[in-house]
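Heads up: the structure comes next, in structure tokens.
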Amino acid sequence: MDVSNYVYLSALLFTIGAIGVVVRRNAIVIFMCVELMLNAANLAFVTFSRIHGNLSGQVASFFTMVVAACEVVVGLAIIVAIYRSRRSASVDDASLLKR
Amino acid sequence: MINFALEVGPTATPEAVMFWILAPIAVAAAAGMIFAKKAVHSALLLAWVMITLAIFYIAQDALFLGIVQIVVYTGAVMMLFLFILMLVGVDSSDSLVENIRGLRPASIVAAVGLGGLLVSLIGRATLGTDVVGLSAANSGGNVQGIAEELFTKYVWAFEVVSALLITAALGAMVLAHSSVIKSRTAQRDQSIARFRGASLANAAGLPSSGVFSRHNAVDVPALLPDGTPAPTSISKTLEARGDMLSSKPFELEEKEAEED
């Protein structure tokens with residue numbers, strides 16, 4: 001097996017996450033798909049870190065995790081706030097500007 | 001001939017076995033995540049993908065990241081997701097109505113295009129190096145190596161990220177905070193409401209549930225002194241759930257009718 005297989009797997013997971021973001025309507029599931037994309041990027045970072053024998057990739061991955069944690073905290077708080085005012089977590093229902 | 005330049009070097013056989021077992025599972029779980037109707041199933045499948053990724057990290061000499069992946073992602077982030085799911089309502093199912101016509105096929109075509117582009121790019125990318133491996137970089141320990149990078153080369157980024165974390169925590173508190181619109185009903189307010197109400201029947205409080213001397217469970221309405229049942233003595237929750245017993249067998253009229 002070749003190390004590049006990890007990069008292919010990362011690309012595949014990233015694509016699956018991208019499909020989920022576009023197709024799903026539930027804001028929480030969309031968030032999970034974004035998390036999947038971030039994780040796929042992390043896998044690529046770790047793999048390239050191994051290919052180059054350099055720990056900078058792992059540090060970048062670490063920072064990605066921190067930023068993802070921040071994003072989840074704020075994003076979920078926004079979802080809760082929207083749910084409180086609209087009683088729905090669907091992204092299609094937040095269309096006040098359209099009407 | 002296409003030069004697959006990223007064929008950077010083979011791995012040991014046990015790692016290949018692990019990869020070919022876990023990678024299809026990860027992809028299947030990820031696909032299941034976007035197709036699962038219930039958000040809770042999606043969350044659990046995503047947790048599984050994250051665990052397989054943690055195993056991949058550990059297999060690639062990123063021990064610290066593997067542990068952090070399990071602790072932070074599957075531990076904290078996914079639990080946060082599940083908390084919010086429970087808060088927002090587990091059964092709020094996803095609407096399958098397409099609001100934008102043709103969105104789903106178009107998005108799938110676009111995503112397959114993106115995936116094909118990524119894979120072909122990776123296939124053609126020229127890296128020009130062999131796999132160096134992390135045995136040299138990890139010679140002093142993986143955690144020590146990362147700490148050295150983090151606190152020398154990336155110390156400024158580290159400080160900025162700590163500020164970001166604090167800001168995010170504050171932002172979440174501000175967003176999730178709800179201001180109280182009306183004051184809470186205290187015992188004094190309830191007492192005033194009882195005596196100022198239309199009838200003084202409940203001035204001493206609602207009757208307690210149960211038929212004393214025959215049956216004293218909370219799911220049986222109390223009998224008033226005149227033998228009639230008091231529906232207000234049953235908790236509203238039990239009533240809504242349908243867990244309420246009839247007080248008929250305990251009522252006075254019933255007994256008298258039997259004696260006659």
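Ligands are numbered from 1 in the order shown, chains are lettered A, B, ... in the order of the structure tokens, and residues start at 1 in each chain.
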Residue neighbourhood Gly133 (chain B), 12 Å, only C-alpha atoms, exclusion window fewer than 6 positions, as a PyMOL selection string: (chain A and resi 3+46-55) or (chain B and resi 8-11+59-62+139)
Could you save the residues just selected, with N, CA and C atoms, as a PDB file, in the first residue's frame?
```pdb
ATOM      1  N   VAL A   3       1.478   5.389   0.738  1.00  0.00           N
ATOM      2  CA  VAL A   3       1.041   6.405   1.708  1.00  0.00           C
ATOM      3  C   VAL A   3       0.023   7.358   1.082  1.00  0.00           C
ATOM      4  N   VAL A  46      -1.907  15.341   8.358  1.00  0.00           N
ATOM      5  CA  VAL A  46      -1.104  14.355   9.077  1.00  0.00           C
ATOM      6  C   VAL A  46      -0.301  13.503   8.094  1.00  0.00           C
ATOM      7  N   THR A  47      -0.956  13.159   6.957  1.00  0.00           N
ATOM      8  CA  THR A  47      -0.258  12.325   5.973  1.00  0.00           C
ATOM      9  C   THR A  47       0.924  13.073   5.366  1.00  0.00           C
ATOM     10  N   PHE A  48       0.701  14.340   5.041  1.00  0.00           N
ATOM     11  CA  PHE A  48       1.809  15.095   4.448  1.00  0.00           C
ATOM     12  C   PHE A  48       2.915  15.330   5.470  1.00  0.00           C
ATOM     13  N   SER A  49       2.507  15.471   6.733  1.00  0.00           N
ATOM     14  CA  SER A  49       3.509  15.590   7.784  1.00  0.00           C
ATOM     15  C   SER A  49       4.405  14.358   7.802  1.00  0.00           C
ATOM     16  N   ARG A  50       3.788  13.205   7.595  1.00  0.00           N
ATOM     17  CA  ARG A  50       4.570  11.964   7.585  1.00  0.00           C
ATOM     18  C   ARG A  50       5.455  11.887   6.341  1.00  0.00           C
ATOM     19  N   ILE A  51       4.890  12.309   5.188  1.00  0.00           N
ATOM     20  CA  ILE A  51       5.664  12.232   3.946  1.00  0.00           C
ATOM     21  C   ILE A  51       6.914  13.103   4.040  1.00  0.00           C
ATOM     22  N   HIS A  52       6.759  14.290   4.646  1.00  0.00           N
ATOM     23  CA  HIS A  52       7.882  15.218   4.690  1.00  0.00           C
ATOM     24  C   HIS A  52       8.740  15.065   5.931  1.00  0.00           C
ATOM     25  N   GLY A  53       8.319  14.214   6.862  1.00  0.00           N
ATOM     26  CA  GLY A  53       9.106  14.037   8.072  1.00  0.00           C
ATOM     27  C   GLY A  53       9.209  15.302   8.892  1.00  0.00           C
ATOM     28  N   ASN A  54       8.094  16.046   8.959  1.00  0.00           N
ATOM     29  CA  ASN A  54       8.116  17.372   9.569  1.00  0.00           C
ATOM     30  C   ASN A  54       6.865  17.498  10.437  1.00  0.00           C
ATOM     31  N   LEU A  55       7.010  17.966  11.643  1.00  0.00           N
ATOM     32  CA  LEU A  55       5.858  17.986  12.542  1.00  0.00           C
ATOM     33  C   LEU A  55       4.940  19.195  12.319  1.00  0.00           C
TER      34      LEU A  55
ATOM     35  N   VAL B   8       4.655   7.673  -3.123  1.00  0.00           N
ATOM     36  CA  VAL B   8       5.841   8.129  -2.404  1.00  0.00           C
ATOM     37  C   VAL B   8       6.521   7.032  -1.622  1.00  0.00           C
ATOM     38  N   GLY B   9       5.935   5.891  -1.545  1.00  0.00           N
ATOM     39  CA  GLY B   9       6.642   4.834  -0.834  1.00  0.00           C
ATOM     40  C   GLY B   9       5.684   3.899  -0.159  1.00  0.00           C
ATOM     41  N   PRO B  10       6.038   2.624  -0.149  1.00  0.00           N
ATOM     42  CA  PRO B  10       5.126   1.641   0.435  1.00  0.00           C
ATOM     43  C   PRO B  10       5.153   1.685   1.950  1.00  0.00           C
ATOM     44  N   THR B  11       4.099   1.163   2.539  1.00  0.00           N
ATOM     45  CA  THR B  11       4.032   1.071   3.995  1.00  0.00           C
ATOM     46  C   THR B  11       4.147  -0.392   4.385  1.00  0.00           C
ATOM     47  N   ALA B  59      -1.665   5.452  13.543  1.00  0.00           N
ATOM     48  CA  ALA B  59      -0.868   4.604  12.652  1.00  0.00           C
ATOM     49  C   ALA B  59       0.167   5.425  11.908  1.00  0.00           C
ATOM     50  N   GLN B  60      -0.074   6.721  11.750  1.00  0.00           N
ATOM     51  CA  GLN B  60       0.871   7.560  11.013  1.00  0.00           C
ATOM     52  C   GLN B  60       1.763   8.347  11.943  1.00  0.00           C
ATOM     53  N   ASP B  61       2.072   7.801  13.100  1.00  0.00           N
ATOM     54  CA  ASP B  61       3.017   8.405  14.050  1.00  0.00           C
ATOM     55  C   ASP B  61       2.534   9.751  14.586  1.00  0.00           C
ATOM     56  N   ALA B  62       1.243   9.977  14.604  1.00  0.00           N
ATOM     57  CA  ALA B  62       0.723  11.208  15.194  1.00  0.00           C
ATOM     58  C   ALA B  62      -0.069  10.824  16.438  1.00  0.00           C
ATOM     59  N   SER B 139      11.900  11.564  17.460  1.00  0.00           N
ATOM     60  CA  SER B 139      12.913  10.846  18.242  1.00  0.00           C
ATOM     61  C   SER B 139      12.843  11.226  19.710  1.00  0.00           C
TER      62      SER B 139
END
```
Counting only C-alpha atoms, which residues of chain A come no farther than 7 Å from chain B, as a PyMOL selection string? chain A and resi 1-4+8+11-13+15-16+18-20+22-23+25-26+29+46+50-56+59+62+69-70+73-74+77-78+80-81+83
One decimal, Å: what's the distance from CA of Leu36 (chain A) over to CA of Leu45 (chain B), could you say? 10.7 Å
Please report the interatomic distance between CA of Leu43 (chain A) and CA of Leu63 (chain B) in Å with one decimal.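 Computing it gives 13.1 Å between the two atoms.
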Would you return as a PyMOL selection string the members of region 10-253 of chain B that DSSP assigns to helix (DSSP H, G or I) on this structure's backbone? chain B and resi 13-35+39-59+63-88+103-124+142-152+155-176+187-196+231-233+236-241+248-250+252-253
Write out as number ranges by chain which residues come within 9 Å of Asn39 (chain A) when counting only C-alpha atoms, dropping same-chain ones fewer than 5 positions away. A: 10, 13-14, 34, 44, 61, 64-65; B: 50, 53
Between CA of Phe151 (chain B) and CA of Ala60 (chain A), what distance in Å does the model show, to one decimal? 13.1 Å
